[in-house]
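Structure data follow from model24.pdb (PDB, C-alpha atoms):
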```pdb
ATOM      1  CA  MET H 876      -3.336  70.454 -68.744
ATOM      2  CA  SER H 877      -5.392  70.857 -65.559
ATOM      3  CA  LYS H 878      -8.975  72.144 -65.535
ATOM      4  CA  LYS H 879      -7.792  75.330 -63.856
ATOM      5  CA  SER H 880      -5.218  76.099 -66.550
ATOM      6  CA  VAL H 881      -7.714  75.264 -69.308
ATOM      7  CA  SER H 882     -10.174  77.761 -67.802
ATOM      8  CA  ALA H 883      -7.522  80.436 -67.453
ATOM      9  CA  ALA H 884      -6.258  79.878 -70.992
ATOM     10  CA  SER H 885      -9.747  80.102 -72.474
ATOM     11  CA  ASP H 886     -10.850  83.113 -70.404
ATOM     12  CA  THR H 887     -11.019  85.858 -73.014
ATOM     13  CA  GLU H 888     -11.473  88.480 -70.330
ATOM     14  CA  THR H 889      -7.819  88.164 -69.336
ATOM     15  CA  ARG H 890      -6.921  89.839 -72.658
ATOM     16  CA  ALA H 891      -8.226  93.205 -71.448
ATOM     17  CA  THR H 892      -6.486  95.689 -69.196
ATOM     18  CA  SER H 893      -7.743  98.801 -67.440
ATOM     19  CA  GLU H 894      -6.464 100.834 -70.400
ATOM     20  CA  HIS H 895      -8.939  99.165 -72.755
ATOM     21  CA  ALA H 896     -12.321 100.753 -73.409
ATOM     22  CA  PRO H 897     -15.000  99.696 -70.899
ATOM     23  CA  ASP H 898     -17.143  98.390 -73.763
ATOM     24  CA  LEU H 899     -14.323  96.106 -74.917
ATOM     25  CA  ARG H 900     -13.848  94.804 -71.365
ATOM     26  CA  LEU H 901     -17.618  94.213 -71.111
ATOM     27  CA  TRP H 902     -17.611  92.328 -74.425
ATOM     28  CA  LEU H 903     -14.707  90.146 -73.289
ATOM     29  CA  ARG H 904     -16.413  89.417 -69.957
ATOM     30  CA  THR H 905     -19.603  88.433 -71.791
ATOM     31  CA  LEU H 906     -17.599  86.184 -74.115
ATOM     32  CA  ALA H 907     -15.749  84.636 -71.157
ATOM     33  CA  CYS H 908     -19.070  83.796 -69.468
ATOM     34  CA  THR H 909     -20.444  82.319 -72.682
ATOM     35  CA  ASN H 910     -17.317  80.202 -73.160
ATOM     36  CA  LEU H 911     -17.361  78.960 -69.548
ATOM     37  CA  ILE H 912     -20.998  77.899 -69.794
ATOM     38  CA  GLU H 913     -20.625  76.328 -73.235
ATOM     39  CA  ASN H 914     -17.481  74.414 -72.246
ATOM     40  CA  HIS H 915     -19.202  73.088 -69.132
ATOM     41  CA  ILE H 916     -22.213  71.934 -71.154
ATOM     42  CA  ARG H 917     -19.951  70.328 -73.793
ATOM     43  CA  SER H 918     -18.027  68.473 -71.098
ATOM     44  CA  ARG H 919     -21.150  67.223 -69.321
ATOM     45  CA  LEU H 920     -22.799  66.069 -72.567
ATOM     46  CA  ARG H 921     -19.655  64.141 -73.473
ATOM     47  CA  ALA H 922     -19.171  62.614 -70.013
ATOM     48  CA  GLU H 923     -22.773  61.710 -69.253
ATOM     49  CA  PHE H 924     -24.236  60.964 -72.682
ATOM     50  CA  ASP H 925     -21.210  60.452 -74.958
ATOM     51  CA  ILE H 926     -22.575  63.070 -77.353
ATOM     52  CA  THR H 927     -21.196  66.296 -78.762
ATOM     53  CA  LEU H 928     -22.871  69.685 -78.466
ATOM     54  CA  PRO H 929     -23.466  69.910 -82.257
ATOM     55  CA  ARG H 930     -25.221  66.517 -82.203
ATOM     56  CA  PHE H 931     -27.312  67.631 -79.221
ATOM     57  CA  ASP H 932     -28.149  70.888 -81.049
ATOM     58  CA  LEU H 933     -29.253  69.023 -84.180
ATOM     59  CA  MET H 934     -31.482  66.762 -82.103
ATOM     60  CA  ALA H 935     -32.912  69.835 -80.338
ATOM     61  CA  GLN H 936     -33.875  71.339 -83.698
ATOM     62  CA  LEU H 937     -35.596  68.104 -84.696
ATOM     63  CA  GLU H 938     -37.364  67.819 -81.352
ATOM     64  CA  ARG H 939     -38.924  71.240 -81.994
ATOM     65  CA  SER H 940     -40.051  70.116 -85.466
ATOM     66  CA  PRO H 941     -41.654  66.661 -85.138
ATOM     67  CA  GLN H 942     -42.588  66.692 -88.856
ATOM     68  CA  GLY H 943     -38.850  66.792 -89.597
ATOM     69  CA  LEU H 944     -36.609  69.277 -91.353
ATOM     70  CA  LYS H 945     -34.790  69.399 -94.667
ATOM     71  CA  MET H 946     -31.016  69.278 -94.423
ATOM     72  CA  GLY H 947     -30.777  72.870 -95.721
ATOM     73  CA  GLU H 948     -33.146  74.110 -93.033
ATOM     74  CA  LEU H 949     -31.117  72.322 -90.351
ATOM     75  CA  SER H 950     -27.985  73.965 -91.721
ATOM     76  CA  LYS H 951     -29.598  77.433 -91.540
ATOM     77  CA  ARG H 952     -30.990  76.924 -88.051
ATOM     78  CA  MET H 953     -27.688  75.611 -86.699
ATOM     79  CA  MET H 954     -25.665  78.207 -88.632
ATOM     80  CA  VAL H 955     -23.256  75.577 -89.959
ATOM     81  CA  THR H 956     -22.427  74.276 -93.428
ATOM     82  CA  GLY H 957     -24.439  71.594 -95.147
ATOM     83  CA  GLY H 958     -21.411  69.322 -94.930
ATOM     84  CA  ASN H 959     -21.362  69.641 -91.154
ATOM     85  CA  VAL H 960     -25.059  68.788 -90.939
ATOM     86  CA  THR H 961     -24.551  65.788 -93.224
ATOM     87  CA  GLY H 962     -21.715  64.460 -91.055
ATOM     88  CA  ILE H 963     -23.666  64.888 -87.826
ATOM     89  CA  THR H 964     -26.783  63.370 -89.382
ATOM     90  CA  ASP H 965     -24.805  60.373 -90.656
ATOM     91  CA  GLN H 966     -23.578  59.675 -87.111
ATOM     92  CA  LEU H 967     -27.063  59.979 -85.613
ATOM     93  CA  VAL H 968     -28.569  57.739 -88.342
ATOM     94  CA  ALA H 969     -25.907  55.097 -87.611
ATOM     95  CA  GLU H 970     -26.897  55.207 -83.933
ATOM     96  CA  GLY H 971     -30.609  54.902 -84.725
ATOM     97  CA  LEU H 972     -31.437  58.319 -83.262
ATOM     98  CA  VAL H 973     -32.606  59.969 -86.506
ATOM     99  CA  VAL H 974     -33.880  58.835 -89.906
ATOM    100  CA  ARG H 975     -33.705  60.382 -93.355
ATOM    101  CA  GLU H 976     -36.820  60.209 -95.482
ATOM    102  CA  ASP H 977     -37.378  61.324 -99.049
ATOM    103  CA  SER H 978     -39.131  64.690 -99.241
ATOM    104  CA  PRO H 979     -42.560  64.336-100.842
ATOM    105  CA  GLN H 980     -42.272  67.898-102.258
ATOM    106  CA  ASP H 981     -38.678  67.710-103.518
ATOM    107  CA  ARG H 982     -37.184  64.468-104.829
ATOM    108  CA  ARG H 983     -33.675  65.885-104.411
ATOM    109  CA  ALA H 984     -34.115  66.587-100.687
ATOM    110  CA  TYR H 985     -34.311  64.538 -97.523
ATOM    111  CA  ILE H 986     -36.371  65.155 -94.415
ATOM    112  CA  VAL H 987     -34.566  64.325 -91.168
ATOM    113  CA  LYS H 988     -36.626  63.225 -88.150
ATOM    114  CA  LEU H 989     -35.952  61.898 -84.683
ATOM    115  CA  THR H 990     -36.717  58.209 -84.243
ATOM    116  CA  PRO H 991     -38.744  57.175 -81.181
ATOM    117  CA  GLU H 992     -35.417  56.145 -79.582
ATOM    118  CA  GLY H 993     -33.936  59.516 -80.553
ATOM    119  CA  ARG H 994     -36.871  61.318 -78.966
ATOM    120  CA  ARG H 995     -36.497  59.344 -75.707
ATOM    121  CA  SER H 996     -32.737  59.855 -75.682
ATOM    122  CA  PHE H 997     -33.045  63.577 -76.364
ATOM    123  CA  ARG H 998     -35.617  64.047 -73.564
ATOM    124  CA  LYS H 999     -33.159  62.580 -71.028
ATOM    125  CA  MET H1000     -30.338  64.785 -72.310
ATOM    126  CA  ALA H1001     -32.540  67.908 -72.368
ATOM    127  CA  GLU H1002     -33.645  67.371 -68.761
ATOM    128  CA  SER H1003     -30.022  67.085 -67.637
ATOM    129  CA  HIS H1004     -28.984  70.047 -69.813
ATOM    130  CA  GLU H1005     -31.621  72.240 -68.180
ATOM    131  CA  GLN H1006     -30.469  71.197 -64.708
ATOM    132  CA  TRP H1007     -26.830  71.993 -65.563
ATOM    133  CA  VAL H1008     -27.821  75.475 -66.712
ATOM    134  CA  VAL H1009     -29.821  76.011 -63.511
ATOM    135  CA  GLU H1010     -26.748  74.969 -61.508
ATOM    136  CA  LEU H1011     -24.522  77.394 -63.415
ATOM    137  CA  PHE H1012     -26.797  80.316 -62.526
ATOM    138  CA  ALA H1013     -27.387  79.174 -58.932
ATOM    139  CA  GLY H1014     -24.825  81.651 -57.565
ATOM    140  CA  MET H1015     -27.088  84.531 -58.581
ATOM    141  CA  ASP H1016     -30.312  85.345 -56.764
ATOM    142  CA  GLU H1017     -33.605  85.690 -58.641
ATOM    143  CA  LYS H1018     -33.386  89.490 -58.783
ATOM    144  CA  GLN H1019     -29.882  89.364 -60.275
ATOM    145  CA  ARG H1020     -30.970  86.816 -62.894
ATOM    146  CA  HIS H1021     -33.922  89.029 -63.903
ATOM    147  CA  GLN H1022     -31.674  92.101 -64.080
ATOM    148  CA  LEU H1023     -29.138  90.261 -66.207
ATOM    149  CA  TYR H1024     -31.904  89.001 -68.494
ATOM    150  CA  ASP H1025     -33.246  92.536 -68.963
ATOM    151  CA  LEU H1026     -29.775  93.997 -69.483
ATOM    152  CA  LEU H1027     -28.925  91.358 -72.073
ATOM    153  CA  ALA H1028     -32.208  92.136 -73.874
ATOM    154  CA  ALA H1029     -31.159  95.792 -74.069
ATOM    155  CA  LEU H1030     -27.714  94.752 -75.346
ATOM    156  CA  LYS H1031     -29.294  92.470 -77.948
ATOM    157  CA  THR H1032     -31.506  95.313 -79.191
ATOM    158  CA  SER H1033     -28.586  97.755 -79.305
ATOM    159  CA  ALA H1034     -26.290  95.302 -81.080
ATOM    160  CA  SER H1035     -29.014  94.365 -83.593
ATOM    161  CA  LYS H1036     -29.591  98.014 -84.471
ATOM    162  CA  ALA H1037     -25.858  98.697 -84.828
ATOM    163  CA  ALA H1038     -25.322  95.554 -86.916
ATOM    164  CA  GLY H1039     -28.223  96.553 -89.170
ATOM    165  CA  LYS H1040     -26.448  99.809 -90.049
ATOM    166  CA  HIS H1041     -23.492  97.949 -91.592
TER
END
```
In C-alpha coordinates, what does this structure look like?
Amino acid sequence: MSKKSVSAASDTETRATSEHAPDLRLWLRTLACTNLIENHIRSRLRAEFDITLPRFDLMAQLERSPQGLKMGELSKRMMVTGGNVTGITDQLVAEGLVVREDSPQDRRAYIVKLTPEGRRSFRKMAESHEQWVVELFAGMDEKQRHQLYDLLAALKTSASKAAGKH
(Lines of atoms letter the chains of each structure in order from A and count residues from 1; the text may use other names and numbers.)
(Lines give C-alpha, C1' and ligand atoms only; values in the text may rest on other atoms or scores of the structure.)
Protein backbone atom coordinates (compact mmCIF):
# COMPACT_ATOMS: atom_id res chain seq x y z
CA MET A 1 0.00 0.00 0.00
CA SER A 2 1.44 3.41 -0.90
CA LYS A 3 1.90 6.22 1.62
CA LYS A 4 -0.87 8.17 -0.07
CA SER A 5 -3.40 5.35 0.25
CA VAL A 6 -2.37 4.70 3.86
CA SER A 7 -3.02 8.37 4.67
CA ALA A 8 -6.36 8.36 2.91
CA ALA A 9 -7.42 5.12 4.59
CA SER A 10 -6.51 6.40 8.05
CA ASP A 11 -8.03 9.87 7.59
CA THR A 12 -11.03 9.74 9.89
CA GLU A 13 -12.33 13.01 8.51
CA THR A 14 -13.37 11.28 5.29
CA ARG A 15 -16.13 9.53 7.29
CA ALA A 16 -18.10 12.76 7.63
CA THR A 17 -20.36 14.38 5.07
CA SER A 18 -21.98 17.80 4.95
CA GLU A 19 -25.11 16.23 6.47
CA HIS A 20 -23.26 15.40 9.68
CA ALA A 21 -23.33 17.82 12.60
CA PRO A 22 -20.56 20.44 12.46
CA ASP A 23 -19.31 19.28 15.86
CA LEU A 24 -18.90 15.72 14.57
CA ARG A 25 -17.00 16.99 11.52
CA LEU A 26 -14.79 19.10 13.81
CA TRP A 27 -14.10 16.08 16.04
CA LEU A 28 -13.18 13.94 13.02
CA ARG A 29 -10.88 16.67 11.66
CA THR A 30 -9.16 16.93 15.05
CA LEU A 31 -8.76 13.15 15.16
CA ALA A 32 -7.41 13.10 11.59
CA CYS A 33 -4.78 15.71 12.51
CA THR A 34 -3.81 13.79 15.63
CA ASN A 35 -3.49 10.55 13.66
CA LEU A 36 -1.40 12.19 10.91
CA ILE A 37 1.02 13.67 13.43
CA GLU A 38 1.24 10.52 15.54
CA ASN A 39 1.79 8.28 12.50
CA HIS A 40 4.54 10.58 11.24
CA ILE A 41 6.27 10.53 14.63
CA ARG A 42 5.93 6.73 14.87
CA SER A 43 7.43 6.31 11.41
CA ARG A 44 10.36 8.65 12.08
CA LEU A 45 11.15 7.04 15.45
CA ARG A 46 11.18 3.62 13.80
CA ALA A 47 13.25 4.70 10.78
CA GLU A 48 15.80 6.87 12.56
CA PHE A 49 16.12 5.24 15.97
CA ASP A 50 14.60 1.76 15.55
CA ILE A 51 12.29 2.41 18.49
CA THR A 52 8.53 2.34 18.93
CA LEU A 53 6.44 5.24 20.19
CA PRO A 54 5.45 3.36 23.39
CA ARG A 55 9.14 2.72 24.18
CA PHE A 56 9.92 6.39 23.52
CA ASP A 57 6.99 7.40 25.76
CA LEU A 58 8.19 5.17 28.60
CA MET A 59 11.68 6.65 28.35
CA ALA A 60 10.16 10.16 28.34
CA GLN A 61 8.36 9.41 31.60
CA LEU A 62 11.60 8.18 33.16
CA GLU A 63 13.54 11.17 31.87
CA ARG A 64 11.11 13.43 33.74
CA SER A 65 11.60 11.38 36.93
CA PRO A 66 15.34 10.79 37.41
CA GLN A 67 14.69 9.06 40.76
CA GLY A 68 12.77 6.41 38.80
CA LEU A 69 9.17 5.24 38.83
CA LYS A 70 7.35 2.15 40.05
CA MET A 71 5.88 -0.01 37.31
CA GLY A 72 2.34 0.86 38.48
CA GLU A 73 3.06 4.57 38.23
CA LEU A 74 4.46 4.12 34.72
CA SER A 75 1.31 2.23 33.78
CA LYS A 76 -0.91 5.06 35.09
CA ARG A 77 1.10 7.81 33.42
CA MET A 78 1.17 6.01 30.08
CA MET A 79 -2.47 4.91 30.40
CA VAL A 80 -1.64 1.32 29.47
CA THR A 81 -1.86 -1.99 31.32
CA GLY A 82 0.84 -3.22 33.66
CA GLY A 83 1.52 -6.04 31.22
CA ASN A 84 2.28 -3.57 28.46
CA VAL A 85 4.68 -1.65 30.70
CA THR A 86 6.39 -4.90 31.72
CA GLY A 87 6.90 -5.92 28.09
CA ILE A 88 8.28 -2.53 27.08
CA THR A 89 10.51 -2.40 30.16
CA ASP A 90 11.85 -5.89 29.45
CA GLN A 91 12.91 -4.78 25.96
CA LEU A 92 14.58 -1.61 27.24
CA VAL A 93 16.39 -3.54 30.02
CA ALA A 94 17.70 -6.01 27.42
CA GLU A 95 19.06 -3.08 25.40
CA GLY A 96 20.72 -1.51 28.45
CA LEU A 97 18.56 1.63 28.29
CA VAL A 98 16.75 1.14 31.63
CA VAL A 99 17.33 -0.78 34.85
CA ARG A 100 14.97 -2.25 37.42
CA GLU A 101 15.88 -1.79 41.06
CA ASP A 102 14.17 -3.11 44.16
CA SER A 103 12.00 -0.48 45.83
CA PRO A 104 13.34 0.40 49.28
CA GLN A 105 9.77 1.15 50.49
CA ASP A 106 8.02 -1.88 48.97
CA ARG A 107 9.78 -5.23 48.59
CA ARG A 108 7.16 -6.35 46.07
CA ALA A 109 7.79 -3.41 43.71
CA TYR A 110 10.51 -2.37 41.31
CA ILE A 111 11.74 1.11 40.49
CA VAL A 112 12.58 1.63 36.81
CA LYS A 113 15.26 4.18 35.87
CA LEU A 114 17.07 5.26 32.74
CA THR A 115 20.68 4.12 32.56
CA PRO A 116 23.30 6.71 31.57
CA GLU A 117 23.18 5.19 28.05
CA GLY A 118 19.38 5.41 28.12
CA ARG A 119 19.56 9.06 29.12
CA ARG A 120 22.00 9.87 26.28
CA SER A 121 19.93 7.89 23.78
CA PHE A 122 16.69 9.54 24.87
CA ARG A 123 18.19 13.05 24.60
CA LYS A 124 19.08 12.42 20.94
CA MET A 125 15.61 11.05 20.21
CA ALA A 126 13.87 13.91 22.05
CA GLU A 127 15.82 16.54 20.10
CA SER A 128 14.80 14.93 16.81
CA HIS A 129 11.21 14.46 18.01
CA GLU A 130 10.94 18.16 18.82
CA GLN A 131 12.30 19.10 15.39
CA TRP A 132 9.79 16.80 13.65
CA VAL A 133 6.92 18.44 15.52
CA VAL A 134 8.23 21.90 14.58
CA GLU A 135 8.34 20.78 10.94
CA LEU A 136 4.76 19.49 11.08
CA PHE A 137 3.50 22.88 12.27
CA ALA A 138 5.74 24.89 9.92
CA GLY A 139 2.89 25.46 7.45
CA MET A 140 1.12 27.64 10.01
CA ASP A 141 2.33 31.11 10.94
CA GLU A 142 2.95 32.09 14.57
CA LYS A 143 -0.44 33.79 14.92
CA GLN A 144 -2.27 30.71 13.63
CA ARG A 145 -0.35 28.44 16.02
CA HIS A 146 -1.24 30.70 18.98
CA GLN A 147 -4.90 30.80 17.91
CA LEU A 148 -5.02 27.03 17.57
CA TYR A 149 -3.38 26.62 20.98
CA ASP A 150 -5.95 28.92 22.59
CA LEU A 151 -8.86 27.27 20.78
CA LEU A 152 -7.69 23.81 21.83
CA ALA A 153 -7.43 25.05 25.44
CA ALA A 154 -11.07 26.15 25.26
CA LEU A 155 -12.04 22.77 23.77
CA LYS A 156 -10.12 20.94 26.50
CA THR A 157 -11.94 22.93 29.19
CA SER A 158 -15.33 22.36 27.56
CA ALA A 159 -14.73 18.64 27.06
CA SER A 160 -13.44 18.23 30.64
CA LYS A 161 -16.56 19.88 32.05
CA ALA A 162 -18.87 17.77 29.86
CA ALA A 163 -16.99 14.56 30.71
CA GLY A 164 -17.21 15.40 34.41
CA LYS A 165 -21.02 15.44 34.20
CA HIS A 166 -21.14 11.77 33.15
Any chance you could work out the residue set of the PyMOL selection byres ((chain H and resi 950) around 12) here, as a JSON list (two decimals) with C-alpha atoms, keeping the file's coordinate frame?
```
[["chain", "number", "residue", "atom", "x", "y", "z"],
["H", 929, "PRO", "CA", -23.47, 69.91, -82.26],
["H", 932, "ASP", "CA", -28.15, 70.89, -81.05],
["H", 933, "LEU", "CA", -29.25, 69.02, -84.18],
["H", 936, "GLN", "CA", -33.88, 71.34, -83.70],
["H", 937, "LEU", "CA", -35.60, 68.10, -84.70],
["H", 944, "LEU", "CA", -36.61, 69.28, -91.35],
["H", 945, "LYS", "CA", -34.79, 69.40, -94.67],
["H", 946, "MET", "CA", -31.02, 69.28, -94.42],
["H", 947, "GLY", "CA", -30.78, 72.87, -95.72],
["H", 948, "GLU", "CA", -33.15, 74.11, -93.03],
["H", 949, "LEU", "CA", -31.12, 72.32, -90.35],
["H", 951, "LYS", "CA", -29.60, 77.43, -91.54],
["H", 952, "ARG", "CA", -30.99, 76.92, -88.05],
["H", 953, "MET", "CA", -27.69, 75.61, -86.70],
["H", 954, "MET", "CA", -25.66, 78.21, -88.63],
["H", 955, "VAL", "CA", -23.26, 75.58, -89.96],
["H", 956, "THR", "CA", -22.43, 74.28, -93.43],
["H", 957, "GLY", "CA", -24.44, 71.59, -95.15],
["H", 958, "GLY", "CA", -21.41, 69.32, -94.93],
["H", 959, "ASN", "CA", -21.36, 69.64, -91.15],
["H", 960, "VAL", "CA", -25.06, 68.79, -90.94],
["H", 961, "THR", "CA", -24.55, 65.79, -93.22],
["H", 962, "GLY", "CA", -21.72, 64.46, -91.06],
["H", 963, "ILE", "CA", -23.67, 64.89, -87.83],
["H", 964, "THR", "CA", -26.78, 63.37, -89.38],
["H", 987, "VAL", "CA", -34.57, 64.32, -91.17]]
```
Practice task
Would you list the contacts of stretch 992-1006 of chain H as a list in words, taking every protein, DNA or RNA residue within 8 Å and counting all atoms listed in the file, but skipping same-chain residues closer than 2 positions in sequence?
Solution key: Ile916, Leu920, Phe924, Phe931, Met934, Ala935, Glu938, Gly971, Leu972, Val973, Leu989, Thr990, Val1008, Val1009 and Glu1010 of chain H
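Going from atom CA of H:Asn910 over to atom CA of H:Asp886, you cover 7.6 Å.
The two atoms in question, atom CA of H:Ile926 and atom CA of H:Leu967, are spaced 9.9 Å apart.
Going from atom CA of H:Ala969 to atom CA of H:Gly943 covers 17.6 Å.
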